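Structure first, commentary second.
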Amino acid sequence: MSGRPTPGPGAPRQPAPGAGAPRRPAPWVGTGRRPAERVTKPRRRRPPDPAAAWRRRLERTRPGVVGDILDRLVVLHGRPSWERRLDATSELVLTILSQNTADLNSERAFQALRDRYPAPQAPVEVHRIPAADGSERAPDGWGGVGLDPGRPPDWLAVESAPTDELVATIRSGGLAEQKAPRIQEALRTIRAARGDDSYSLDFLADLPAREARDWLTRIPGIGPKTASVVLLFCFGTPLMPVDTHVERVSKRLGLIPPGASLALAHDAWLELVPEDRMYEAHVSLIHHGRAVCAARRPRHDACPLADRCRFLDPKAP
Ligand code: SF4
């Protein structure tokens, strides 16, 4: 056998190999530095999303309420089907003209733009919806009679017109002193973004919904309602324009928080409605606000939503 002899029971214990050997100094010794202490960073919390929180609350306290209400509105008012009526730039300008005035007035102002700044080469657009019996009606959600068939105005001429002249041209739309520079600013922004004189907003159709809305709302004077109208009606982008009817009916039914800002109302609806029902939801709520749930004298007796309405019963399911 080779190796070291095994010590007897009374023999002094041998130090273990390596024991007692000089220890290698810790790497920080002599450097004046301490080892990095483990620092527990406070967890970064995601900012709360009030729209998502509201959806979760509705799901918990009133399960299925949005789908049920939309189903009943379809029975009452019919199911609208989406079809593009105007190009997006015309829709944007028409919507700016309709701010704080009746849709009939904005129709007149838009027609005045067509007459004053004609664009003979542009394709004719048909705004009204033809019926099988030969009659016509205004587009879904529109409160006027609809525009006559016609070409979009020459947007370059509108943008370059003296602002006073433009104010005089659109005066029938009301608040012309505000709307004329707003329209010119919007046209300037579109032309700069495009890098040409086409004034086409079609590129917005390829952006995610909120990104497209953000792009439009960066133009001074364009809020989430106007942006959502343009994107929903021209491209079918799933956004909910919250106008006065949508806001009133939604709040009475308790589908958006009672004191919700317009920004929260817009985002809450995006949480509540599936994308493929957004257009239907918007148009149905407008129909309901105009025909049944009017601002002054809501017709509760004729309303199929009465048993789910928080305006009548604050604890309605
Ligand atoms: S019950 Fe009355 S307040 Fe409620 S949605 Fe119907 S009409 Fe409007």
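Chain lettering (A, B, ...) mirrors the order of the structure tokens, residue numbering begins at 1 for each chain separately, and ligand numbering begins at 1 in order of display.
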Could I get the residue neighbourhood of ligand 1 at 7 Å, counting only C-alpha atoms and all ligand atoms, as a PyMOL selection string? chain A and resi 249+252-253+292-293+298-300+303-306+309-312
Test item: residues at most 6 Å from segment 223-240 of chain A, only C-alpha atoms, excluding those fewer than 4 positions along its chain, as a list of chain:residue names: A:Arg84, A:Ala88, A:Glu91, A:Leu92, A:Ala205, A:Ala209, A:Arg213, A:Leu216, A:Thr217, A:Glu275, A:Met278
Asp103 of chain A: which residues within 7 Å, counting only C-alpha atoms, same-chain residues fewer than 5 positions away excluded, as JSON, numbers by chain? {"A": [98, 143, 144]}
Please provide as an MDAnalysis selection string all residues within 6 Å of Pro139 of chain A, with the sequence filter that same-chain residues fewer than 2 positions apart are discarded (counting only C-alpha atoms). chainID A and resid 128:129 142
Contacts of segment 76-160 of chain A with segment 193-202 of chain A up to 8 Å, shortest pair per row, only C-alpha atoms, as a Markdown table:
```
| residue | atom | partner | partner_atom | distance |
| --- | --- | --- | --- | --- |
| A:Ala88 | CA | A:Leu201 | CA | 5.9 |
| A:Thr89 | CA | A:Leu201 | CA | 6.3 |
| A:Trp155 | CA | A:Tyr199 | CA | 7.1 |
| A:Leu156 | CA | A:Asp197 | CA | 6.9 |
```
Atomic distance atom CA of His288 of chain A - atom CA of Val65 of chain A, expressed in Å with one decimal: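 According to the coordinates, atom CA of His288 of chain A and atom CA of Val65 of chain A are separated by 16.5 Å.
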Pick from A:Thr61, A:Ser135, A:Thr163, A:Thr169, whichever lies nearest to Arg182 of chain A using only C-alpha atoms: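 The answer is A:Thr163, which sits nearest to Arg182 of chain A.
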A:Val74, A:Ala157, A:Leu270, A:Ala186 ranked by distance to Arg210 of chain A, top pick (using only C-alpha atoms): A:Leu270
